[in-house]
file structure_36.csv (CSV, C-alpha atoms)
chain,number,residue,atom,x,y,z
S,28,MET,CA,0.0,0.0,0.0
S,29,ARG,CA,1.4,3.4,-1.1
S,30,LEU,CA,-0.2,6.4,0.5
S,31,ALA,CA,2.3,9.1,-0.5
S,32,SER,CA,1.6,11.2,-3.6
S,33,THR,CA,3.0,9.8,-6.9
S,34,ALA,CA,5.7,11.6,-8.8
S,35,ASP,CA,3.1,12.7,-11.3
S,36,GLU,CA,0.9,14.1,-8.6
S,37,GLU,CA,3.7,15.9,-7.0
S,38,MET,CA,4.7,17.4,-10.4
S,39,PHE,CA,1.1,18.5,-11.0
S,40,ALA,CA,0.9,20.0,-7.5
S,41,ARG,CA,4.1,22.0,-8.2
S,42,ALA,CA,2.5,23.4,-11.4
S,43,VAL,CA,-0.6,24.4,-9.5
S,44,ARG,CA,1.5,26.1,-6.8
S,45,ALA,CA,3.5,28.0,-9.4
S,46,LEU,CA,0.3,29.3,-11.1
S,47,LEU,CA,-1.3,30.3,-7.8
S,48,GLU,CA,1.8,32.0,-6.5
S,49,ARG,CA,1.6,34.2,-9.6
S,50,ARG,CA,-2.2,34.6,-10.0
S,51,CYS,CA,-3.6,34.2,-6.4
S,52,THR,CA,-1.8,36.7,-4.2
S,53,PRO,CA,-3.5,37.9,-1.0
S,54,GLN,CA,-4.7,40.9,-3.0
S,55,ASP,CA,-6.3,38.6,-5.5
S,56,VAL,CA,-7.9,36.6,-2.8
S,57,ARG,CA,-9.5,39.7,-1.4
S,58,ALA,CA,-10.9,40.4,-4.8
S,59,GLY,CA,-12.7,37.1,-4.8
S,60,PHE,CA,-13.5,34.6,-7.5
S,61,ALA,CA,-11.9,35.3,-10.9
S,62,ARG,CA,-13.1,33.6,-14.1
S,63,LYS,CA,-9.8,34.3,-15.8
S,64,ARG,CA,-7.9,32.4,-13.0
S,65,TRP,CA,-10.5,29.6,-13.4
S,66,GLU,CA,-9.7,29.4,-17.1
S,67,GLU,CA,-6.0,29.3,-16.3
S,68,LEU,CA,-6.5,26.5,-13.8
S,69,ALA,CA,-8.4,24.7,-16.6
S,70,GLU,CA,-5.5,25.0,-19.0
S,71,ILE,CA,-3.3,22.9,-16.7
S,72,GLY,CA,-6.1,20.4,-16.0
S,73,VAL,CA,-7.3,21.4,-12.5
S,74,THR,CA,-11.0,21.9,-13.4
S,75,GLY,CA,-11.1,18.6,-15.3
S,76,LEU,CA,-9.1,16.6,-12.8
S,77,LEU,CA,-11.8,13.9,-12.3
S,78,VAL,CA,-13.7,14.5,-15.5
S,79,PRO,CA,-13.5,11.2,-17.6
S,80,GLU,CA,-11.1,11.3,-20.5
S,81,GLU,CA,-13.8,10.8,-23.1
S,82,HIS,CA,-15.2,14.2,-22.0
S,83,GLY,CA,-11.8,16.0,-22.2
S,84,GLY,CA,-10.7,15.6,-18.6
S,85,LEU,CA,-7.8,13.8,-17.0
S,86,GLY,CA,-9.8,11.0,-15.4
S,87,LEU,CA,-7.7,11.0,-12.2
S,88,GLY,CA,-8.8,10.1,-8.6
S,89,ALA,CA,-8.9,11.4,-5.0
S,90,GLY,CA,-5.1,11.1,-4.7
S,91,ALA,CA,-4.6,13.8,-7.3
S,92,LEU,CA,-7.4,15.9,-5.8
S,93,VAL,CA,-5.7,15.9,-2.4
S,94,ALA,CA,-2.4,17.1,-4.0
S,95,VAL,CA,-4.2,19.9,-5.8
S,96,ALA,CA,-6.7,20.9,-3.1
S,97,GLU,CA,-3.8,21.3,-0.6
S,98,GLU,CA,-2.2,23.8,-3.0
S,99,ALA,CA,-5.6,25.6,-3.4
S,100,GLY,CA,-5.8,25.8,0.4
S,101,ARG,CA,-2.2,27.1,0.7
S,102,ALA,CA,-3.1,29.9,-1.7
S,103,CYS,CA,-6.6,30.5,-0.2
S,104,ALA,CA,-7.9,30.3,-3.7
S,105,PRO,CA,-11.5,31.4,-4.0
S,106,GLU,CA,-12.2,28.9,-6.9
S,107,PRO,CA,-14.3,25.8,-6.3
S,108,VAL,CA,-11.5,23.2,-6.9
S,109,VAL,CA,-13.0,20.5,-4.7
S,110,GLU,CA,-16.6,21.2,-5.9
S,111,ALA,CA,-15.4,20.7,-9.5
S,112,ALA,CA,-14.1,17.3,-8.7
S,113,VAL,CA,-17.3,16.3,-6.9
S,114,ALA,CA,-19.4,17.6,-9.7
S,115,ALA,CA,-17.4,15.6,-12.2
S,116,THR,CA,-17.8,12.4,-10.2
S,117,LEU,CA,-21.6,12.9,-10.0
S,118,LEU,CA,-22.1,13.9,-13.6
S,119,ALA,CA,-20.1,10.9,-14.8
S,120,GLU,CA,-22.7,8.7,-13.1
S,121,VAL,CA,-25.7,10.4,-14.6
S,122,ASP,CA,-27.5,8.0,-17.0
S,123,GLU,CA,-28.2,9.3,-20.5
S,124,ASP,CA,-28.6,13.0,-19.9
S,125,GLY,CA,-27.3,15.5,-22.4
S,126,ARG,CA,-26.9,18.2,-19.8
S,127,ALA,CA,-24.4,16.0,-17.9
S,128,ALA,CA,-22.2,15.4,-20.9
S,129,GLU,CA,-22.3,19.1,-21.8
S,130,TRP,CA,-21.4,20.2,-18.2
S,131,LEU,CA,-18.6,17.6,-18.1
S,132,ARG,CA,-17.1,19.0,-21.2
S,133,ALA,CA,-17.5,22.6,-20.0
S,134,LEU,CA,-15.9,21.7,-16.6
S,135,ALA,CA,-12.8,20.2,-18.4
S,136,ALA,CA,-12.6,23.3,-20.7
S,137,GLY,CA,-13.0,25.8,-17.8
S,138,THR,CA,-16.0,27.4,-19.4
S,139,ALA,CA,-18.4,26.4,-16.6
S,140,VAL,CA,-18.2,26.9,-12.8
S,141,PRO,CA,-20.1,24.4,-10.6
S,142,ALA,CA,-21.7,24.8,-7.2
S,143,VAL,CA,-22.5,21.7,-5.2
S,144,ARG,CA,-24.4,20.9,-2.0
S,145,LEU,CA,-24.8,17.2,-1.0
S,146,THR,CA,-25.0,17.6,2.8
S,147,GLY,CA,-26.7,19.9,5.2
S,148,PRO,CA,-30.3,21.2,5.6
S,149,GLY,CA,-32.3,22.1,2.5
S,150,ALA,CA,-32.4,25.8,3.3
S,151,ALA,CA,-28.6,26.1,3.8
S,152,PRO,CA,-26.7,28.4,1.4
S,153,VAL,CA,-24.7,26.8,-1.3
S,154,ALA,CA,-21.0,27.6,-1.6
S,155,HIS,CA,-19.9,29.3,-4.9
S,156,ALA,CA,-23.5,29.6,-6.0
S,157,THR,CA,-23.2,33.3,-6.8
S,158,HIS,CA,-20.6,32.8,-9.5
S,159,ALA,CA,-21.6,29.3,-10.7
S,160,ASP,CA,-23.0,28.4,-14.1
S,161,PHE,CA,-24.8,25.3,-12.9
S,162,LEU,CA,-25.8,23.8,-9.5
S,163,LEU,CA,-26.0,20.2,-8.3
S,164,VAL,CA,-28.0,19.7,-5.1
S,165,ALA,CA,-28.9,16.4,-3.4
S,166,ASP,CA,-32.0,15.6,-1.5
S,167,GLY,CA,-31.2,12.3,0.2
S,168,ASP,CA,-30.0,10.0,-2.6
S,169,ARG,CA,-31.7,12.1,-5.4
S,170,LEU,CA,-29.6,14.5,-7.4
S,171,TYR,CA,-31.0,17.7,-9.0
S,172,GLY,CA,-29.1,19.8,-11.5
S,173,ARG,CA,-30.0,23.1,-13.0
S,174,SER,CA,-28.4,26.1,-14.7
S,175,ALA,CA,-27.7,28.7,-12.1
S,176,ALA,CA,-29.4,31.4,-14.2
S,177,ASP,CA,-32.7,29.4,-13.7
S,178,ALA,CA,-32.2,28.5,-10.1
S,179,GLY,CA,-33.1,31.8,-8.4
S,180,VAL,CA,-29.8,32.3,-6.6
S,181,SER,CA,-29.5,35.3,-4.2
S,182,ALA,CA,-26.3,36.2,-2.3
S,183,ALA,CA,-25.9,35.2,1.3
S,184,ARG,CA,-23.5,36.4,3.9
S,185,GLY,CA,-20.8,34.1,5.2
S,186,VAL,CA,-17.6,34.0,7.2
S,187,ASP,CA,-15.5,33.7,4.1
S,188,LEU,CA,-16.6,36.1,1.5
S,189,GLY,CA,-14.5,34.4,-1.2
S,190,ARG,CA,-16.8,31.3,-1.1
S,191,GLY,CA,-19.7,33.0,-2.9
S,192,LEU,CA,-22.5,31.7,-0.7
S,193,GLY,CA,-25.9,31.9,-2.2
S,194,HIS,CA,-29.5,31.0,-1.3
S,195,VAL,CA,-31.1,28.8,-3.9
S,196,ASP,CA,-34.8,28.7,-4.7
S,197,MET,CA,-35.4,24.9,-4.1
S,198,SER,CA,-38.8,25.0,-5.6
S,199,MET,CA,-37.2,25.9,-9.0
S,200,LEU,CA,-34.3,23.4,-8.5
S,201,LEU,CA,-36.3,20.3,-7.5
S,202,ASP,CA,-37.9,19.9,-10.9
S,203,GLY,CA,-36.8,16.7,-12.5
S,204,PRO,CA,-34.0,14.8,-10.8
S,205,LEU,CA,-30.9,13.6,-12.6
S,206,ALA,CA,-30.9,9.8,-12.7
S,207,VAL,CA,-27.6,8.4,-11.5
S,208,ARG,CA,-26.5,4.9,-12.4
S,209,GLN,CA,-25.1,3.9,-9.0
S,210,GLU,CA,-27.3,3.8,-5.9
S,211,ARG,CA,-24.3,5.1,-3.8
S,212,ALA,CA,-23.2,7.8,-6.2
S,213,VAL,CA,-24.3,10.7,-4.1
S,214,SER,CA,-22.9,9.4,-0.8
S,215,ARG,CA,-19.6,8.5,-2.6
S,216,ALA,CA,-19.4,12.0,-4.1
S,217,ALA,CA,-20.0,13.5,-0.6
S,218,ARG,CA,-17.2,11.3,0.7
S,219,LEU,CA,-14.9,12.7,-2.0
S,220,GLY,CA,-15.9,16.3,-1.0
S,221,THR,CA,-15.0,15.5,2.6
S,222,VAL,CA,-11.6,14.2,1.7
S,223,GLY,CA,-11.0,17.3,-0.6
S,224,ALA,CA,-12.1,19.7,2.1
S,225,ALA,CA,-9.7,18.0,4.5
S,226,ALA,CA,-6.8,18.5,2.1
S,227,ASP,CA,-7.8,22.1,1.5
S,228,LEU,CA,-7.6,22.6,5.3
S,229,LEU,CA,-4.1,21.1,5.4
S,230,GLY,CA,-2.9,23.6,2.8
S,231,ALA,CA,-4.5,26.5,4.6
S,232,VAL,CA,-2.9,25.4,7.9
S,233,ARG,CA,0.6,25.3,6.3
S,234,ALA,CA,0.1,28.7,4.9
S,235,MET,CA,-1.0,30.1,8.3
S,236,LEU,CA,2.0,28.5,9.9
S,237,ASP,CA,4.4,30.0,7.4
S,238,LEU,CA,2.9,33.5,7.9
S,239,THR,CA,3.1,33.2,11.6
S,240,VAL,CA,6.7,32.0,11.7
S,241,SER,CA,7.6,34.9,9.4
S,242,HIS,CA,5.8,37.3,11.8
S,243,ALA,CA,7.5,35.8,14.9
S,244,ARG,CA,10.9,36.4,13.3
S,245,GLN,CA,10.2,40.0,12.4
S,246,ARG,CA,8.2,41.1,15.5
S,247,HIS,CA,10.4,42.3,18.4
S,248,GLN,CA,9.6,42.7,22.0
S,249,PHE,CA,12.1,43.5,24.8
S,250,GLY,CA,14.8,43.7,22.1
S,251,ARG,CA,14.3,40.1,20.8
S,252,PRO,CA,12.2,38.5,18.1
S,253,ILE,CA,9.1,37.0,19.7
S,254,GLY,CA,9.9,33.7,17.9
S,255,SER,CA,12.9,33.3,20.2
S,256,TYR,CA,10.7,32.8,23.2
S,257,GLN,CA,9.9,29.2,24.1
S,258,ALA,CA,6.2,29.9,24.6
S,259,VAL,CA,5.9,31.0,21.0
S,260,LYS,CA,8.1,28.2,19.7
S,261,HIS,CA,6.1,25.5,21.5
S,262,GLN,CA,2.8,26.8,20.2
S,263,LEU,CA,3.9,26.8,16.6
S,264,ALA,CA,5.6,23.4,17.0
S,265,ASP,CA,2.3,22.0,18.2
S,266,VAL,CA,0.6,23.3,15.0
S,267,LEU,CA,3.3,21.7,12.9
S,268,ILE,CA,2.9,18.4,14.7
S,269,ALA,CA,-0.9,18.5,14.2
S,270,VAL,CA,-0.7,19.1,10.5
S,271,GLU,CA,2.0,16.5,10.0
S,272,PHE,CA,-0.1,13.9,11.9
S,273,ALA,CA,-3.2,14.8,9.8
S,274,GLN,CA,-1.4,14.5,6.4
S,275,PRO,CA,-1.2,10.6,6.4
S,276,VAL,CA,-4.8,10.4,7.6
S,277,VAL,CA,-5.9,12.4,4.6
S,278,LEU,CA,-3.7,10.4,2.2
S,279,ARG,CA,-5.2,7.2,3.6
S,280,ALA,CA,-8.7,8.5,3.1
S,281,ALA,CA,-7.9,9.3,-0.6
S,282,PHE,CA,-6.4,5.8,-1.1
S,283,SER,CA,-9.5,4.2,0.5
S,284,HIS,CA,-11.8,6.3,-1.7
S,285,ASP,CA,-10.0,5.4,-4.9
S,286,HIS,CA,-9.9,1.7,-4.1
S,287,ASP,CA,-13.5,1.8,-2.7
S,288,LEU,CA,-12.4,0.0,0.5
S,289,PRO,CA,-15.0,-1.0,3.1
S,290,SER,CA,-13.4,1.6,5.5
S,291,ALA,CA,-13.6,4.4,3.0
S,292,GLY,CA,-16.4,6.2,4.8
S,293,ARG,CA,-14.7,6.0,8.2
S,294,ASP,CA,-11.4,7.0,6.7
S,295,ALA,CA,-12.9,10.1,5.1
S,296,ALA,CA,-14.5,11.1,8.4
S,297,MET,CA,-11.2,10.6,10.2
S,298,ALA,CA,-9.5,12.8,7.7
S,299,LYS,CA,-11.9,15.6,8.2
S,300,VAL,CA,-11.6,15.3,12.0
S,301,PHE,CA,-7.8,15.4,12.0
S,302,ALA,CA,-7.7,18.3,9.5
S,303,SER,CA,-10.4,20.3,11.3
S,304,ASP,CA,-8.6,19.8,14.6
S,305,ALA,CA,-5.3,21.0,13.1
S,306,ALA,CA,-7.1,24.0,11.6
S,307,ASP,CA,-8.7,24.9,14.9
S,308,LEU,CA,-5.4,24.7,16.7
S,309,ALA,CA,-3.7,26.7,14.0
S,310,GLY,CA,-6.3,29.4,14.1
S,311,ARG,CA,-6.1,29.9,17.8
S,312,SER,CA,-2.3,29.7,18.0
S,313,CYS,CA,-1.5,31.8,15.0
S,314,LEU,CA,-3.9,34.5,16.0
S,315,GLN,CA,-2.4,34.6,19.5
S,316,VAL,CA,1.1,35.0,18.1
S,317,HIS,CA,-0.1,37.8,15.8
S,318,GLY,CA,-2.1,39.5,18.5
S,319,ALA,CA,-5.2,41.6,17.7
S,320,ILE,CA,-3.8,42.6,14.3
S,321,GLY,CA,-4.5,39.1,13.1
S,322,TYR,CA,-8.3,40.0,12.9
S,323,THR,CA,-7.8,43.0,10.8
S,324,GLU,CA,-8.5,43.3,7.1
S,325,GLU,CA,-4.9,44.5,6.5
S,326,CYS,CA,-3.4,41.3,7.9
S,327,ASP,CA,-3.2,38.5,5.5
S,328,LEU,CA,-3.7,35.9,8.3
S,329,ALA,CA,-7.4,37.0,8.4
S,330,LEU,CA,-8.0,35.5,4.9
S,331,TRP,CA,-6.9,32.1,6.0
S,332,LEU,CA,-8.7,32.3,9.4
S,333,ARG,CA,-12.0,32.9,7.6
S,334,ARG,CA,-11.2,30.1,5.1
S,335,VAL,CA,-10.5,27.5,7.8
S,336,TRP,CA,-13.5,28.5,9.9
S,337,ALA,CA,-15.7,28.0,6.8
S,338,LEU,CA,-14.1,24.8,5.6
S,339,SER,CA,-14.1,23.2,9.1
S,340,ALA,CA,-17.9,23.4,8.9
S,341,ALA,CA,-18.2,22.4,5.2
S,342,TRP,CA,-18.9,18.8,4.3
S,343,GLY,CA,-19.7,18.0,7.9
S,344,ASP,CA,-17.9,19.4,11.0
S,345,ALA,CA,-15.6,17.5,13.3
S,346,ALA,CA,-18.4,16.6,15.7
S,347,HIS,CA,-20.4,15.1,12.9
S,348,HIS,CA,-17.5,13.1,11.6
S,349,ARG,CA,-16.6,11.9,15.1
S,350,ALA,CA,-20.1,10.5,15.3
S,351,VAL,CA,-19.6,8.8,11.9
S,352,VAL,CA,-16.4,7.1,13.1
S,353,ALA,CA,-18.0,6.1,16.4
S,354,ALA,CA,-21.0,4.6,14.6
S,355,ASP,CA,-18.8,2.7,12.2
S,356,LEU,CA,-16.6,1.2,15.0
S,357,LEU,CA,-19.2,0.7,17.7
S,358,GLY,CA,-22.6,0.6,15.9
S,359,PRO,CA,-25.4,3.2,16.0
S,360,ALA,CA,-26.0,4.9,19.3
S,361,PRO,CA,-28.8,3.3,21.3
S,362,ALA,CA,-32.1,5.0,21.4
S,363,PRO,CA,-32.8,7.1,24.5
S,364,PRO,CA,-34.9,5.4,27.2
S,365,CYS,CA,-38.6,6.1,27.2
S,366,PRO,CA,-39.7,8.6,29.8
call {"tool": "encode", "arguments": {"input": "structure_36.csv", "output": "structure tokens"}}
result
Amino acid sequence: MRLASTADEEMFARAVRALLERRCTPQDVRAGFARKRWEELAEIGVTGLLVPEEHGGLGLGAGALVAVAEEAGRACAPEPVVEAAVAATLLAEVDEDGRAAEWLRALAAGTAVPAVRLTGPGAAPVAHATHADFLLVADGDRLYGRSAADAGVSAARGVDLGRGLGHVDMSMLLDGPLAVRQERAVSRAARLGTVGAAADLLGAVRAMLDLTVSHARQRHQFGRPIGSYQAVKHQLADVLIAVEFAQPVVLRAAFSHDHDLPSAGRDAAMAKVFASDAADLAGRSCLQVHGAIGYTEECDLALWLRRVWALSAAWGDAAHHRAVVAADLLGPAPAPPCP
């Protein structure tokens, strides 16, 4: 069993990092989603990562998504990289529907932006809906798809302004479900989204740690860099340990997903728990080292703080996934006693 990224995945990730370092600076992140950047990501294959080759994509798996999503998190990219992979997985399972093939080709070409919601209450806002071209929303195991222009999307406020949250008129959306071939297609796609979100969190944590280490070297108190004090060193070392411990858990989840192992659901839940816990620790520790300036719009750390707060709740929070792991290992929780 090989959990580490392959040489091709590492090379692909380096190409994504090089592009985002040029085209996704903190100033670009503050400006939000950019269709031009989405098209440039498409040119190197990011938007078609999981689109089948017959529709112009790369036809790769969760392992490649983890490598790319981590770079997206590192750059705090506002583009729906994980959602594009989930949409491709779902559309590839739609049975004989012209819209699915059209959207798959558009995804691979970078001419369409998806928004996806497979978990959460029906009234919850949909991430990236305000700049999407089409939406995929699940109601249980039923999948519904519609052009965003016909779905009655209205902007919603959220912690991370770059995620383009939007309310969707469900009465317009739930008209004619898309028929998927596999009974478990929606739950499997949600599992992929969970793994992708965990990888995105890892990249964001690494970026936050880099920013904070740099700040601790430059900021002086009592004539010394604050990074020279053990209290600061230990805090940041704990963050590094947390993200390094989470990395193999996320890689294991990607492996289990790609090989459809019996433990795939539990492994994905574990990945989100470990990544969310690392992000929570990073948020508290990095903010404490920065001080109150870390909350301000002028400080780049605030961009990643908002991102990890939003991502920690997306695709199920840590409490939800701990319950998933417990149910898988111990069985469902017993019903409460009758009064």
call {"tool": "residues_around", "arguments": {"input": "structure_36.csv", "residues": "stretch 186-198 of chain S", "least_positions_apart": "4", "cutoff": "8 Å", "atoms": "only C-alpha atoms", "output": "mmCIF file with C-alpha atoms, in the coordinates of the input"}}
result
data_model
loop_
_atom_site.group_PDB
_atom_site.id
_atom_site.type_symbol
_atom_site.label_atom_id
_atom_site.label_comp_id
_atom_site.auth_asym_id
_atom_site.auth_seq_id
_atom_site.Cartn_x
_atom_site.Cartn_y
_atom_site.Cartn_z
ATOM 1 C CA VAL S 56 -7.900 36.600 -2.800
ATOM 2 C CA ARG S 57 -9.500 39.700 -1.400
ATOM 3 C CA ALA S 58 -10.900 40.400 -4.800
ATOM 4 C CA GLY S 59 -12.700 37.100 -4.800
ATOM 5 C CA PHE S 60 -13.500 34.600 -7.500
ATOM 6 C CA PRO S 105 -11.500 31.400 -4.000
ATOM 7 C CA GLU S 106 -12.200 28.900 -6.900
ATOM 8 C CA PRO S 107 -14.300 25.800 -6.300
ATOM 9 C CA GLY S 149 -32.300 22.100 2.500
ATOM 10 C CA ALA S 150 -32.400 25.800 3.300
ATOM 11 C CA ALA S 151 -28.600 26.100 3.800
ATOM 12 C CA PRO S 152 -26.700 28.400 1.400
ATOM 13 C CA VAL S 153 -24.700 26.800 -1.300
ATOM 14 C CA ALA S 154 -21.000 27.600 -1.600
ATOM 15 C CA HIS S 155 -19.900 29.300 -4.900
ATOM 16 C CA ALA S 156 -23.500 29.600 -6.000
ATOM 17 C CA THR S 157 -23.200 33.300 -6.800
ATOM 18 C CA HIS S 158 -20.600 32.800 -9.500
ATOM 19 C CA ALA S 178 -32.200 28.500 -10.100
ATOM 20 C CA GLY S 179 -33.100 31.800 -8.400
ATOM 21 C CA VAL S 180 -29.800 32.300 -6.600
ATOM 22 C CA SER S 181 -29.500 35.300 -4.200
ATOM 23 C CA ALA S 182 -26.300 36.200 -2.300
ATOM 24 C CA ASP S 202 -37.900 19.900 -10.900
ATOM 25 C CA LEU S 330 -8.000 35.500 4.900
ATOM 26 C CA ARG S 333 -12.000 32.900 7.600
ATOM 27 C CA ARG S 334 -11.200 30.100 5.100
ATOM 28 C CA TRP S 336 -13.500 28.500 9.900
ATOM 29 C CA ALA S 337 -15.700 28.000 6.800
#
call {"tool": "atom_distance", "arguments": {"input": "structure_36.csv", "atom1": "atom CA of S:Phe161", "atom2": "atom CA of S:Pro141"}}
result
5.3 Å
call {"tool": "closest_atom_pairs", "arguments": {"input": "structure_36.csv", "of": "stretch 89-171 of chain S", "to": "stretch 39-44 of chain S", "cutoff": "7 Å", "atoms": "all atoms listed in the file", "output": "CSV"}}
result
residue,atom,partner,partner_atom,distance
S:Ala94,CA,S:Ala40,CA,5.6
S:Val95,CA,S:Ala40,CA,5.4
S:Glu98,CA,S:Arg44,CA,5.8
call {"tool": "atom_distance", "arguments": {"input": "structure_36.csv", "atom1": "atom CA of S:Asp355", "atom2": "atom CA of S:Gly343"}}
result
15.9 Å
call {"tool": "residues_around", "arguments": {"input": "structure_36.csv", "residues": "S:His348", "least_positions_apart": "4", "cutoff": "9 Å", "atoms": "all atoms listed in the file", "output": "list in words"}}
result
Arg293, Ala295, Ala296, Met297, Ala298, Lys299, Val300, Gly343, Asp344, Val352 and Ala353 of chain S
call {"tool": "closest_residue", "arguments": {"input": "structure_36.csv", "among": "S:Gln315, S:Leu77, S:His284, S:Ala341", "to": "S:Arg144", "atoms": "all atoms listed in the file"}}
result
S:Ala341
call {"tool": "residues_around", "arguments": {"input": "structure_36.csv", "residues": "S:Gly172", "least_positions_apart": "5", "cutoff": "10 Å", "atoms": "only C-alpha atoms", "output": "mmCIF file with C-alpha atoms, in the coordinates of the input"}}
result
data_model
loop_
_atom_site.group_PDB
_atom_site.id
_atom_site.type_symbol
_atom_site.label_atom_id
_atom_site.label_comp_id
_atom_site.auth_asym_id
_atom_site.auth_seq_id
_atom_site.Cartn_x
_atom_site.Cartn_y
_atom_site.Cartn_z
ATOM 1 C CA LEU S 118 -22.100 13.900 -13.600
ATOM 2 C CA ARG S 126 -26.900 18.200 -19.800
ATOM 3 C CA ALA S 127 -24.400 16.000 -17.900
ATOM 4 C CA ALA S 142 -21.700 24.800 -7.200
ATOM 5 C CA VAL S 143 -22.500 21.700 -5.200
ATOM 6 C CA PHE S 161 -24.800 25.300 -12.900
ATOM 7 C CA LEU S 162 -25.800 23.800 -9.500
ATOM 8 C CA LEU S 163 -26.000 20.200 -8.300
ATOM 9 C CA VAL S 164 -28.000 19.700 -5.100
ATOM 10 C CA ALA S 165 -28.900 16.400 -3.400
ATOM 11 C CA ALA S 178 -32.200 28.500 -10.100
ATOM 12 C CA LEU S 200 -34.300 23.400 -8.500
ATOM 13 C CA LEU S 201 -36.300 20.300 -7.500
ATOM 14 C CA ASP S 202 -37.900 19.900 -10.900
ATOM 15 C CA GLY S 203 -36.800 16.700 -12.500
ATOM 16 C CA PRO S 204 -34.000 14.800 -10.800
ATOM 17 C CA LEU S 205 -30.900 13.600 -12.600
#
call {"tool": "closest_residue", "arguments": {"input": "structure_36.csv", "among": "S:Glu97, S:Ala159, S:Asp227, S:Asp327", "to": "S:Arg62", "atoms": "only C-alpha atoms"}}
result
S:Ala159
call {"tool": "closest_residue", "arguments": {"input": "structure_36.csv", "among": "S:Val213, S:Pro79, S:Asp122, S:Cys313", "to": "S:Ser241", "atoms": "all atoms listed in the file"}}
result
S:Cys313
call {"tool": "closest_residue", "arguments": {"input": "structure_36.csv", "among": "S:Ala99, S:Leu267, S:Ala216, S:Leu314", "to": "S:His242", "atoms": "all atoms listed in the file"}}
result
S:Leu314
call {"tool": "atom_distance", "arguments": {"input": "structure_36.csv", "atom1": "atom CA of S:Asp166", "atom2": "atom CA of S:Leu145"}}
result
7.4 Å
call {"tool": "closest_residue", "arguments": {"input": "structure_36.csv", "among": "S:Ala319, S:Val335, S:Ala102, S:Leu85", "to": "S:Ala45", "atoms": "only C-alpha atoms"}}
result
S:Ala102
call {"tool": "residues_around", "arguments": {"input": "structure_36.csv", "residues": "S:Phe282", "least_positions_apart": "5", "cutoff": "12 Å", "atoms": "all atoms listed in the file", "output": "VMD selection string"}}
result
chain S and resid 28 to 33 88 to 93 219 222 275 to 277 287 to 292 294 to 295 298
call {"tool": "closest_residue", "arguments": {"input": "structure_36.csv", "among": "S:Ala231, S:Val266, S:Thr239, S:Ala258", "to": "S:Ile320", "atoms": "all atoms listed in the file"}}
result
S:Thr239
